[in-house]
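J.: Quick one, query.cif (mmCIF, C-alpha atoms):
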data_start
loop_
_atom_site.group_PDB
_atom_site.id
_atom_site.type_symbol
_atom_site.label_atom_id
_atom_site.label_comp_id
_atom_site.auth_asym_id
_atom_site.auth_seq_id
_atom_site.Cartn_x
_atom_site.Cartn_y
_atom_site.Cartn_z
ATOM 1 C CA MET A 1 0.000 0.000 0.000
ATOM 2 C CA ASN A 2 1.054 3.603 -0.446
ATOM 3 C CA GLN A 3 1.398 5.898 2.570
ATOM 4 C CA LEU A 4 -2.050 7.423 2.089
ATOM 5 C CA GLU A 5 -3.703 4.019 2.135
ATOM 6 C CA THR A 6 -1.691 2.994 5.197
ATOM 7 C CA LEU A 7 -2.486 6.255 7.002
ATOM 8 C CA LYS A 8 -6.205 5.621 6.516
ATOM 9 C CA GLN A 9 -5.841 2.463 8.632
ATOM 10 C CA PHE A 10 -4.872 4.572 11.671
ATOM 11 C CA THR A 11 -6.471 7.953 11.081
ATOM 12 C CA THR A 12 -9.497 9.527 9.423
ATOM 13 C CA VAL A 13 -8.128 11.427 6.420
ATOM 14 C CA VAL A 14 -9.738 14.776 5.656
ATOM 15 C CA ALA A 15 -9.267 16.865 2.506
ATOM 16 C CA ASP A 16 -8.302 20.456 3.295
ATOM 17 C CA THR A 17 -9.636 22.270 0.237
ATOM 18 C CA GLY A 18 -12.504 24.186 -1.316
ATOM 19 C CA ASP A 19 -11.616 22.635 -4.683
ATOM 20 C CA PHE A 20 -14.100 19.798 -4.612
ATOM 21 C CA ARG A 21 -13.014 18.465 -7.996
ATOM 22 C CA GLN A 22 -9.721 17.419 -6.382
ATOM 23 C CA ILE A 23 -11.467 15.512 -3.621
ATOM 24 C CA GLU A 24 -12.615 12.465 -5.566
ATOM 25 C CA ALA A 25 -9.070 11.370 -6.417
ATOM 26 C CA PHE A 26 -8.082 10.889 -2.775
ATOM 27 C CA GLN A 27 -11.347 9.529 -1.337
ATOM 28 C CA PRO A 28 -11.152 11.274 2.044
ATOM 29 C CA THR A 29 -13.806 10.671 4.688
ATOM 30 C CA ASP A 30 -14.338 14.342 5.574
ATOM 31 C CA ALA A 31 -13.431 17.734 4.118
ATOM 32 C CA THR A 32 -12.680 21.147 5.581
ATOM 33 C CA THR A 33 -12.989 24.628 4.129
ATOM 34 C CA ASN A 34 -12.171 28.121 5.342
ATOM 35 C CA PRO A 35 -12.494 31.645 3.912
ATOM 36 C CA SER A 36 -9.054 31.488 2.298
ATOM 37 C CA LEU A 37 -9.780 28.177 0.579
ATOM 38 C CA ILE A 38 -13.174 29.344 -0.724
ATOM 39 C CA LEU A 39 -11.644 32.602 -1.965
ATOM 40 C CA LYS A 40 -8.962 30.601 -3.774
ATOM 41 C CA ALA A 41 -11.565 28.296 -5.314
ATOM 42 C CA VAL A 42 -13.924 30.990 -6.643
ATOM 43 C CA GLN A 43 -11.043 32.625 -8.498
ATOM 44 C CA LYS A 44 -10.784 29.504 -10.659
ATOM 45 C CA PRO A 45 -12.906 29.569 -13.843
ATOM 46 C CA GLU A 46 -14.510 26.204 -13.075
ATOM 47 C CA TYR A 47 -15.976 27.516 -9.813
ATOM 48 C CA ARG A 48 -16.818 31.075 -10.787
ATOM 49 C CA SER A 49 -20.348 30.048 -11.779
ATOM 50 C CA LEU A 50 -21.121 29.038 -8.193
ATOM 51 C CA LEU A 51 -20.416 32.605 -7.117
ATOM 52 C CA THR A 52 -22.289 34.304 -9.956
ATOM 53 C CA GLU A 53 -25.305 32.010 -9.638
ATOM 54 C CA THR A 54 -25.515 32.549 -5.885
ATOM 55 C CA VAL A 55 -25.320 36.328 -6.269
ATOM 56 C CA ALA A 56 -27.904 36.326 -9.066
ATOM 57 C CA GLN A 57 -30.347 34.288 -6.984
ATOM 58 C CA TYR A 58 -29.948 36.246 -3.738
ATOM 59 C CA ARG A 59 -28.891 39.699 -4.890
ATOM 60 C CA ASP A 60 -31.601 41.342 -2.765
ATOM 61 C CA ARG A 61 -30.265 39.781 0.463
ATOM 62 C CA ALA A 62 -27.666 41.139 2.867
ATOM 63 C CA LEU A 63 -24.044 40.532 1.883
ATOM 64 C CA ASP A 64 -23.356 38.292 4.865
ATOM 65 C CA GLU A 65 -26.289 36.049 3.905
ATOM 66 C CA ILE A 66 -25.066 35.791 0.318
ATOM 67 C CA THR A 67 -21.661 34.780 1.659
ATOM 68 C CA ASP A 68 -23.178 32.086 3.850
ATOM 69 C CA ARG A 69 -25.227 30.769 0.960
ATOM 70 C CA LEU A 70 -22.071 30.533 -1.162
ATOM 71 C CA LEU A 71 -20.253 28.662 1.602
ATOM 72 C CA VAL A 72 -23.152 26.226 1.901
ATOM 73 C CA ARG A 73 -23.234 25.789 -1.867
ATOM 74 C CA PHE A 74 -19.608 24.680 -1.775
ATOM 75 C CA GLY A 75 -20.303 22.501 1.253
ATOM 76 C CA CYS A 76 -23.167 20.706 -0.468
ATOM 77 C CA GLU A 77 -21.031 20.026 -3.535
ATOM 78 C CA ILE A 78 -18.323 18.579 -1.297
ATOM 79 C CA LEU A 79 -20.792 16.435 0.657
ATOM 80 C CA SER A 80 -21.947 14.835 -2.584
ATOM 81 C CA LEU A 81 -18.409 13.434 -2.969
ATOM 82 C CA ILE A 82 -17.557 12.259 0.559
ATOM 83 C CA PRO A 83 -19.205 9.893 3.044
ATOM 84 C CA GLY A 84 -18.537 12.030 6.118
ATOM 85 C CA ARG A 85 -18.676 15.642 7.241
ATOM 86 C CA VAL A 86 -17.777 19.040 5.874
ATOM 87 C CA SER A 87 -16.521 21.916 8.017
ATOM 88 C CA THR A 88 -17.855 25.383 7.176
ATOM 89 C CA GLU A 89 -16.470 28.445 8.907
ATOM 90 C CA VAL A 90 -18.256 31.297 10.640
ATOM 91 C CA ASP A 91 -17.001 34.713 9.524
ATOM 92 C CA ALA A 92 -13.728 35.324 11.398
ATOM 93 C CA ARG A 93 -14.754 38.958 11.897
ATOM 94 C CA LEU A 94 -17.105 37.626 14.602
ATOM 95 C CA SER A 95 -14.319 35.888 16.532
ATOM 96 C CA PHE A 96 -14.797 38.021 19.649
ATOM 97 C CA ASP A 97 -18.616 38.072 19.660
ATOM 98 C CA THR A 98 -20.189 35.002 21.258
ATOM 99 C CA ASP A 99 -23.802 35.847 20.408
ATOM 100 C CA ALA A 100 -23.087 36.814 16.795
ATOM 101 C CA THR A 101 -21.030 33.648 16.249
ATOM 102 C CA TYR A 102 -23.849 31.530 17.662
ATOM 103 C CA THR A 103 -26.447 33.238 15.468
ATOM 104 C CA ARG A 104 -24.353 32.938 12.318
ATOM 105 C CA ALA A 105 -23.713 29.262 13.008
ATOM 106 C CA GLU A 106 -27.445 28.661 13.402
ATOM 107 C CA ARG A 107 -28.065 30.233 10.004
ATOM 108 C CA LEU A 108 -25.429 28.079 8.315
ATOM 109 C CA ILE A 109 -27.062 24.964 9.744
ATOM 110 C CA ASP A 110 -30.518 26.177 8.683
ATOM 111 C CA LEU A 111 -29.228 26.703 5.142
ATOM 112 C CA TYR A 112 -27.732 23.210 5.053
ATOM 113 C CA GLN A 113 -30.926 21.660 6.378
ATOM 114 C CA ALA A 114 -32.940 23.527 3.725
ATOM 115 C CA GLN A 115 -30.829 21.630 1.183
ATOM 116 C CA GLY A 116 -31.664 18.316 2.831
ATOM 117 C CA ILE A 117 -28.304 17.931 4.596
ATOM 118 C CA HIS A 118 -28.466 16.211 7.988
ATOM 119 C CA ILE A 119 -27.128 18.259 10.872
ATOM 120 C CA ASP A 120 -24.575 15.551 11.749
ATOM 121 C CA ARG A 121 -22.821 15.964 8.379
ATOM 122 C CA VAL A 122 -21.777 19.557 9.097
ATOM 123 C CA LEU A 123 -19.185 20.912 11.504
ATOM 124 C CA ILE A 124 -19.328 24.639 12.144
ATOM 125 C CA LYS A 125 -15.795 26.046 12.292
ATOM 126 C CA VAL A 126 -15.215 28.706 14.913
ATOM 127 C CA ALA A 127 -11.978 30.445 15.938
ATOM 128 C CA ALA A 128 -10.772 29.148 19.318
ATOM 129 C CA THR A 129 -10.986 32.481 21.119
ATOM 130 C CA TRP A 130 -12.647 32.462 24.537
ATOM 131 C CA GLU A 131 -15.784 33.918 22.911
ATOM 132 C CA GLY A 132 -15.699 31.361 20.116
ATOM 133 C CA ILE A 133 -15.344 28.481 22.564
ATOM 134 C CA GLN A 134 -18.336 29.711 24.574
ATOM 135 C CA ALA A 135 -20.406 30.008 21.403
ATOM 136 C CA ALA A 136 -19.375 26.446 20.539
ATOM 137 C CA ARG A 137 -20.441 25.259 23.994
ATOM 138 C CA ARG A 138 -23.935 26.636 23.359
ATOM 139 C CA LEU A 139 -24.060 25.205 19.843
ATOM 140 C CA GLU A 140 -23.077 21.741 21.056
ATOM 141 C CA GLN A 141 -25.802 21.896 23.702
ATOM 142 C CA ARG A 142 -28.251 22.548 20.872
ATOM 143 C CA GLY A 143 -26.961 19.603 18.849
ATOM 144 C CA ILE A 144 -24.927 21.656 16.371
ATOM 145 C CA HIS A 145 -21.426 20.201 16.160
ATOM 146 C CA THR A 146 -18.365 22.409 15.997
ATOM 147 C CA ASN A 147 -14.766 22.430 14.786
ATOM 148 C CA LEU A 148 -12.628 24.850 16.780
ATOM 149 C CA THR A 149 -9.942 26.228 14.507
ATOM 150 C CA LEU A 150 -6.896 28.498 14.772
ATOM 151 C CA LEU A 151 -5.822 26.423 17.753
ATOM 152 C CA PHE A 152 -2.182 26.836 18.738
ATOM 153 C CA SER A 153 -2.018 26.696 22.525
ATOM 154 C CA PHE A 154 -2.623 23.908 25.029
ATOM 155 C CA CYS A 155 -4.968 26.151 27.034
ATOM 156 C CA GLN A 156 -7.205 26.511 23.963
ATOM 157 C CA ALA A 157 -7.418 22.724 23.692
ATOM 158 C CA VAL A 158 -8.229 22.329 27.390
ATOM 159 C CA ALA A 159 -11.002 24.949 27.201
ATOM 160 C CA CYS A 160 -12.437 23.255 24.108
ATOM 161 C CA GLY A 161 -12.510 19.941 25.945
ATOM 162 C CA GLN A 162 -14.290 21.575 28.871
ATOM 163 C CA ALA A 163 -16.872 22.989 26.429
ATOM 164 C CA LYS A 164 -17.389 19.492 24.963
ATOM 165 C CA VAL A 165 -16.840 20.657 21.396
ATOM 166 C CA GLN A 166 -16.922 17.955 18.747
ATOM 167 C CA LEU A 167 -13.509 18.558 17.214
ATOM 168 C CA ILE A 168 -10.443 20.785 17.367
ATOM 169 C CA SER A 169 -7.959 21.677 14.635
ATOM 170 C CA PRO A 170 -4.490 22.390 16.046
ATOM 171 C CA PHE A 171 -2.347 24.046 13.345
ATOM 172 C CA VAL A 172 0.854 22.033 13.059
ATOM 173 C CA GLY A 173 2.512 23.970 10.253
ATOM 174 C CA ARG A 174 1.891 27.414 11.635
ATOM 175 C CA ILE A 175 3.332 26.400 15.010
ATOM 176 C CA TYR A 176 6.400 25.068 13.170
ATOM 177 C CA ASP A 177 6.648 28.330 11.205
ATOM 178 C CA TRP A 178 6.683 30.434 14.381
ATOM 179 C CA TYR A 179 9.427 28.453 16.103
ATOM 180 C CA LYS A 180 11.549 28.323 12.970
ATOM 181 C CA LYS A 181 11.261 32.081 12.446
ATOM 182 C CA SER A 182 11.947 32.733 16.131
ATOM 183 C CA ALA A 183 15.103 30.619 16.081
ATOM 184 C CA GLY A 184 16.422 32.289 12.932
ATOM 185 C CA ALA A 185 19.950 31.210 12.023
ATOM 186 C CA ASN A 186 20.051 28.857 15.013
ATOM 187 C CA TRP A 187 17.343 26.599 13.573
ATOM 188 C CA VAL A 188 18.584 23.123 12.666
ATOM 189 C CA GLU A 189 15.954 21.390 10.564
ATOM 190 C CA ALA A 190 17.113 17.859 11.359
ATOM 191 C CA ASP A 191 16.783 18.534 15.084
ATOM 192 C CA HIS A 192 13.158 19.605 14.675
ATOM 193 C CA ALA A 193 11.835 16.938 12.325
ATOM 194 C CA GLY A 194 9.315 14.154 12.904
ATOM 195 C CA ALA A 195 8.327 13.722 16.541
ATOM 196 C CA ASN A 196 10.591 16.674 17.492
ATOM 197 C CA ASP A 197 8.727 19.110 15.232
ATOM 198 C CA PRO A 198 7.170 21.737 17.571
ATOM 199 C CA GLY A 199 3.804 21.492 15.801
ATOM 200 C CA VAL A 200 3.835 17.702 16.057
ATOM 201 C CA ARG A 201 4.767 17.927 19.737
ATOM 202 C CA SER A 202 1.849 20.296 20.381
ATOM 203 C CA VAL A 203 -0.698 17.963 18.787
ATOM 204 C CA THR A 204 0.823 14.956 20.558
ATOM 205 C CA GLN A 205 0.486 16.725 23.931
ATOM 206 C CA ILE A 206 -3.178 17.517 23.249
ATOM 207 C CA PHE A 207 -3.934 14.009 21.951
ATOM 208 C CA ASN A 208 -2.302 12.392 24.988
ATOM 209 C CA TYR A 209 -4.134 14.693 27.409
ATOM 210 C CA TYR A 210 -7.542 14.069 25.831
ATOM 211 C CA LYS A 211 -7.087 10.297 25.732
ATOM 212 C CA LYS A 212 -5.667 10.116 29.255
ATOM 213 C CA PHE A 213 -8.686 11.866 30.741
ATOM 214 C CA GLY A 214 -11.384 10.448 28.466
ATOM 215 C CA ILE A 215 -12.187 13.741 26.755
ATOM 216 C CA ALA A 216 -14.368 12.902 23.778
ATOM 217 C CA THR A 217 -13.405 15.910 21.635
ATOM 218 C CA GLU A 218 -11.754 14.720 18.410
ATOM 219 C CA VAL A 219 -8.241 15.936 17.567
ATOM 220 C CA MET A 220 -7.624 16.830 13.911
ATOM 221 C CA GLY A 221 -4.103 17.966 13.061
ATOM 222 C CA ALA A 222 -4.130 20.682 10.392
ATOM 223 C CA SER A 223 -1.937 23.086 8.421
ATOM 224 C CA PHE A 224 0.888 20.780 7.367
ATOM 225 C CA ARG A 225 4.103 21.876 5.679
ATOM 226 C CA ASN A 226 5.450 18.435 4.725
ATOM 227 C CA ILE A 227 4.498 14.768 4.862
ATOM 228 C CA GLY A 228 6.959 14.164 7.699
ATOM 229 C CA GLN A 229 4.664 16.148 9.983
ATOM 230 C CA ILE A 230 1.738 14.008 8.837
ATOM 231 C CA THR A 231 3.400 10.628 9.264
ATOM 232 C CA ALA A 232 4.649 11.668 12.720
ATOM 233 C CA LEU A 233 0.983 12.033 13.731
ATOM 234 C CA ALA A 234 -0.316 8.764 12.271
ATOM 235 C CA GLY A 235 -2.892 7.520 14.763
ATOM 236 C CA CYS A 236 -4.310 10.967 15.526
ATOM 237 C CA ASP A 237 -8.120 10.952 15.361
ATOM 238 C CA LEU A 238 -8.151 12.909 12.103
ATOM 239 C CA LEU A 239 -5.666 14.778 9.900
ATOM 240 C CA THR A 240 -6.798 17.397 7.391
ATOM 241 C CA ILE A 241 -4.395 17.486 4.469
ATOM 242 C CA SER A 242 -4.044 19.652 1.359
ATOM 243 C CA PRO A 243 -4.377 18.018 -2.085
ATOM 244 C CA ASP A 244 -0.665 18.540 -2.795
ATOM 245 C CA LEU A 245 0.381 16.619 0.317
ATOM 246 C CA LEU A 246 -2.303 13.974 -0.240
ATOM 247 C CA ALA A 247 -0.732 13.407 -3.663
ATOM 248 C CA GLN A 248 2.737 13.052 -2.108
ATOM 249 C CA LEU A 249 1.425 10.466 0.354
ATOM 250 C CA ALA A 250 -0.276 8.574 -2.467
ATOM 251 C CA ASP A 251 2.991 8.516 -4.437
ATOM 252 C CA SER A 252 5.093 7.177 -1.541
ATOM 253 C CA LYS A 253 5.553 3.538 -0.636
ATOM 254 C CA ALA A 254 7.803 4.290 2.363
ATOM 255 C CA PRO A 255 6.914 2.423 5.569
ATOM 256 C CA LEU A 256 4.448 4.141 7.877
ATOM 257 C CA VAL A 257 3.616 3.054 11.421
ATOM 258 C CA ARG A 258 1.237 4.307 14.091
ATOM 259 C CA ALA A 259 2.821 7.179 16.039
ATOM 260 C CA LEU A 260 -0.014 8.096 18.421
ATOM 261 C CA ASP A 261 -1.828 5.451 20.462
ATOM 262 C CA ALA A 262 -4.769 6.179 22.743
ATOM 263 C CA GLN A 263 -4.164 3.011 24.763
ATOM 264 C CA ALA A 264 -0.474 3.665 25.365
ATOM 265 C CA VAL A 265 -1.090 7.087 26.952
ATOM 266 C CA GLN A 266 -2.969 5.602 29.901
ATOM 267 C CA THR A 267 0.328 4.955 31.667
ATOM 268 C CA LEU A 268 1.497 8.564 31.331
ATOM 269 C CA ASP A 269 1.713 10.712 34.447
ATOM 270 C CA LEU A 270 -0.330 13.771 33.438
ATOM 271 C CA ALA A 271 -2.076 16.397 35.553
ATOM 272 C CA ARG A 272 -5.614 17.474 34.772
ATOM 273 C CA VAL A 273 -6.170 21.227 34.460
ATOM 274 C CA ASP A 274 -9.192 23.497 34.094
ATOM 275 C CA PHE A 275 -9.536 27.072 32.917
ATOM 276 C CA ASP A 276 -12.067 29.747 33.741
ATOM 277 C CA GLU A 277 -12.048 32.877 31.567
ATOM 278 C CA ALA A 278 -9.363 34.691 33.547
ATOM 279 C CA GLY A 279 -7.144 31.616 33.697
ATOM 280 C CA PHE A 280 -7.572 30.984 29.974
ATOM 281 C CA ARG A 281 -6.706 34.540 29.014
ATOM 282 C CA PHE A 282 -3.650 34.546 31.268
ATOM 283 C CA ALA A 283 -2.399 31.177 29.990
ATOM 284 C CA LEU A 284 -2.815 32.281 26.376
ATOM 285 C CA ASN A 285 -1.077 35.563 27.142
ATOM 286 C CA GLN A 286 1.893 33.634 28.567
ATOM 287 C CA ASP A 287 2.178 31.649 25.319
ATOM 288 C CA ALA A 288 3.774 34.094 22.873
ATOM 289 C CA MET A 289 3.459 31.693 19.936
ATOM 290 C CA GLY A 290 -0.214 30.934 20.634
ATOM 291 C CA THR A 291 -1.112 34.592 21.125
ATOM 292 C CA GLU A 292 0.663 35.777 17.989
ATOM 293 C CA LYS A 293 -0.513 32.986 15.692
ATOM 294 C CA LEU A 294 -4.141 33.245 16.833
ATOM 295 C CA ALA A 295 -4.189 36.979 16.160
ATOM 296 C CA GLU A 296 -2.377 36.554 12.851
ATOM 297 C CA GLY A 297 -4.733 33.780 11.753
ATOM 298 C CA ILE A 298 -7.842 35.809 12.536
ATOM 299 C CA ARG A 299 -6.425 38.806 10.658
ATOM 300 C CA ALA A 300 -5.656 36.652 7.614
ATOM 301 C CA PHE A 301 -9.106 35.060 7.547
ATOM 302 C CA CYS A 302 -10.731 38.485 7.984
ATOM 303 C CA ALA A 303 -8.711 39.867 5.081
ATOM 304 C CA ASP A 304 -9.789 37.006 2.819
ATOM 305 C CA ALA A 305 -13.405 37.378 3.944
ATOM 306 C CA GLY A 306 -13.189 41.021 2.902
ATOM 307 C CA LYS A 307 -11.797 40.039 -0.510
ATOM 308 C CA LEU A 308 -14.637 37.565 -0.963
ATOM 309 C CA ASP A 309 -17.094 40.337 -0.067
ATOM 310 C CA GLN A 310 -15.644 42.482 -2.855
ATOM 311 C CA MET A 311 -15.963 39.646 -5.361
ATOM 312 C CA LEU A 312 -19.596 39.144 -4.392
ATOM 313 C CA LEU A 313 -20.344 42.874 -4.688
ATOM 314 C CA ALA A 314 -18.708 42.995 -8.113
ATOM 315 C CA ALA A 315 -20.486 39.915 -9.476
#
In structure tokens, how does this file's structure come out?
T.:
Amino acid sequence: MNQLETLKQFTTVVADTGDFRQIEAFQPTDATTNPSLILKAVQKPEYRSLLTETVAQYRDRALDEITDRLLVRFGCEILSLIPGRVSTEVDARLSFDTDATYTRAERLIDLYQAQGIHIDRVLIKVAATWEGIQAARRLEQRGIHTNLTLLFSFCQAVACGQAKVQLISPFVGRIYDWYKKSAGANWVEADHAGANDPGVRSVTQIFNYYKKFGIATEVMGASFRNIGQITALAGCDLLTISPDLLAQLADSKAPLVRALDAQAVQTLDLARVDFDEAGFRFALNQDAMGTEKLAEGIRAFCADAGKLDQMLLAA
């Protein structure tokens, strides 16, 4: 078997793309999207009609509703190609507004259900700010499942577990990027590869903590820079992988073994922790990487949401 086929024995493979025509080739179980991926997709000629048709049909509606309808249109196309779930993201500009995030998530689910999509086939992506996590807590209590994204810090993962969110997406590659940039000329790539990669270590810590204490929230490693980061996390609940890296895995016949094991962590000596709002904010503040990458990620998603707005207005 190739590495992709082997990986699927240990881990649920998720396609990280808005380009649903690439999905069929790799047969993932789930798929994830975000504002940047949708923006990238609608700039391709083969997807432009989805944007123009959505605008033509709902031109009299508010811009934010048109955006949500476009996101759901992409999500429905993706769901026709996969057996599992699609993740659709709430506007990142609402990342610090619990009530607005909750309301926007409800509308996305309503739009999916109007298309005949079962609620269990959609994960609502929300930035893992304190406000986003509290919105996700309320959504989960209502039966709307969530994917907490832009997750870089252990305290974010702990708070998500406390909120009983369905799934988290720790960003392996962006954590790696921060530490590499911070080290500058002192960075030695070989010393920070595989299990020693800082992004891999972060996901491993979260995975071990969740499994040790029976936290049901799923861990989905995301934002990979190379297949070494992926293979070092074989055994993680899910991994969401770009089409380029999926293709590299499919082309490789190198051996691949399970790296993370939920049973093996039971012998680890770990301490359980809890965060209230003040404790969460302080812990995140003390994590320079987590603080900077969360803010940077929100800014980037907001910028791409603004670009998508302009495309919709011009259509």
J.: Give me the result of the PyMOL selection byres ((chain A and resi 21) around 12) on this file, residue by residue, as an mmCIF file with C-alpha atoms, in the coordinates of the input.
T.:
data_model
loop_
_atom_site.group_PDB
_atom_site.id
_atom_site.type_symbol
_atom_site.label_atom_id
_atom_site.label_comp_id
_atom_site.auth_asym_id
_atom_site.auth_seq_id
_atom_site.Cartn_x
_atom_site.Cartn_y
_atom_site.Cartn_z
ATOM 1 C CA ALA A 15 -9.267 16.865 2.506
ATOM 2 C CA THR A 17 -9.636 22.270 0.237
ATOM 3 C CA GLY A 18 -12.504 24.186 -1.316
ATOM 4 C CA ASP A 19 -11.616 22.635 -4.683
ATOM 5 C CA PHE A 20 -14.100 19.798 -4.612
ATOM 6 C CA GLN A 22 -9.721 17.419 -6.382
ATOM 7 C CA ILE A 23 -11.467 15.512 -3.621
ATOM 8 C CA GLU A 24 -12.615 12.465 -5.566
ATOM 9 C CA ALA A 25 -9.070 11.370 -6.417
ATOM 10 C CA PHE A 26 -8.082 10.889 -2.775
ATOM 11 C CA GLN A 27 -11.347 9.529 -1.337
ATOM 12 C CA ALA A 41 -11.565 28.296 -5.314
ATOM 13 C CA LYS A 44 -10.784 29.504 -10.659
ATOM 14 C CA GLU A 46 -14.510 26.204 -13.075
ATOM 15 C CA TYR A 47 -15.976 27.516 -9.813
ATOM 16 C CA PHE A 74 -19.608 24.680 -1.775
ATOM 17 C CA GLU A 77 -21.031 20.026 -3.535
ATOM 18 C CA ILE A 78 -18.323 18.579 -1.297
ATOM 19 C CA LEU A 79 -20.792 16.435 0.657
ATOM 20 C CA SER A 80 -21.947 14.835 -2.584
ATOM 21 C CA LEU A 81 -18.409 13.434 -2.969
ATOM 22 C CA ILE A 82 -17.557 12.259 0.559
ATOM 23 C CA PRO A 243 -4.377 18.018 -2.085
#
J.: Name every residue that the PyMOL selection byres ((chain A and resi 314) around 12) selects in this structure, writing the answer as a count of residues only with chains first and numbers rising.
T.: 14
J.: May I ask which of the residues A:Met289, A:Ala163, A:Leu270, A:Ile119 is the closest one to Pro198 in chain A, counting all atoms listed in the file?
T.: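 Nearest candidate to Pro198 in chain A out of A:Met289, A:Ala163, A:Leu270, A:Ile119: A:Met289.
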J.: Can you list, as a ChimeraX atom specification, every protein, DNA or RNA residue that comes within 12 Å of Thr291 in chain A when you count all atoms listed in the file, leaving out same-chain residues fewer than 4 positions away?
T.: /A:128-129,150-156,175,178,280-287,295-298
J.: Residue by residue, what does the PyMOL selection byres ((chain A and resi 104) around 10) grab here? Present the result as a PyMOL selection string.
T.: chain A and resi 64-65+68+89-91+94+99-103+105-110+124
J.: Can you write just those residues out, C-alpha atoms, as a PDB file, in the coordinates of the input?
T.:
ATOM      1  CA  ASP A  64     -23.356  38.292   4.865  1.00  0.00           C
ATOM      2  CA  GLU A  65     -26.289  36.049   3.905  1.00  0.00           C
ATOM      3  CA  ASP A  68     -23.178  32.086   3.850  1.00  0.00           C
ATOM      4  CA  GLU A  89     -16.470  28.445   8.907  1.00  0.00           C
ATOM      5  CA  VAL A  90     -18.256  31.297  10.640  1.00  0.00           C
ATOM      6  CA  ASP A  91     -17.001  34.713   9.524  1.00  0.00           C
ATOM      7  CA  LEU A  94     -17.105  37.626  14.602  1.00  0.00           C
ATOM      8  CA  ASP A  99     -23.802  35.847  20.408  1.00  0.00           C
ATOM      9  CA  ALA A 100     -23.087  36.814  16.795  1.00  0.00           C
ATOM     10  CA  THR A 101     -21.030  33.648  16.249  1.00  0.00           C
ATOM     11  CA  TYR A 102     -23.849  31.530  17.662  1.00  0.00           C
ATOM     12  CA  THR A 103     -26.447  33.238  15.468  1.00  0.00           C
ATOM     13  CA  ALA A 105     -23.713  29.262  13.008  1.00  0.00           C
ATOM     14  CA  GLU A 106     -27.445  28.661  13.402  1.00  0.00           C
ATOM     15  CA  ARG A 107     -28.065  30.233  10.004  1.00  0.00           C
ATOM     16  CA  LEU A 108     -25.429  28.079   8.315  1.00  0.00           C
ATOM     17  CA  ILE A 109     -27.062  24.964   9.744  1.00  0.00           C
ATOM     18  CA  ASP A 110     -30.518  26.177   8.683  1.00  0.00           C
ATOM     19  CA  ILE A 124     -19.328  24.639  12.144  1.00  0.00           C
TER      20      ILE A 124
END
J.: So how many Å separate CA of Pro83 in chain A and CA of Leu167 in chain A, to one decimal?
T.: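 CA of Leu167 in chain A lies at a distance of 17.6 Å from CA of Pro83 in chain A.
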J.: For range 239-241 of chain A, work out the shell of residues within 9 Å, counting only C-alpha atoms and skipping chain neighbours fewer than 3 positions away, then give it as a VMD selection string.
T.: chain A and resid 11 to 17 30 to 32 169 219 to 224 230 233 to 234 236 244 to 246
J.: First collect every listed atom of range 257-270 of chain A; then fit an axis-aligned box around them, widen it by 5 Å on each side, and give centre and edge lengths in Å to one decimal, as lines of an AutoDock Vina configuration file.
T.:
center_x = -0.6
center_y = 8.4
center_z = 22.9
size_x = 18.4
size_y = 20.8
size_z = 33.0
J.: Find the residue from A:Lys8, A:Arg69, A:Lys164, A:His118 that sits nearest to Thr54 in chain A; use only C-alpha atoms when measuring.
T.: A:Arg69
J.: Calculate how many Å separate CA of Phe301 in chain A from CA of Ala114 in chain A, rounding to one decimal.
T.: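 CA of Phe301 in chain A sits 26.8 Å away from CA of Ala114 in chain A.
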J.: Return the single residue from A:Thr146, A:Gln166, A:Thr29, A:Asn226 that is closest to Gly84 in chain A, with distances computed using only C-alpha atoms.
T.: A:Thr29
J.: With only C-alpha atoms as the atoms that count, which of A:Thr231, A:Ser182, A:Gln263, A:Gln57 lies nearest to Lys212 in chain A?
T.: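 When distances to Lys212 in chain A are compared using only C-alpha atoms, the smallest one comes from A:Gln263.
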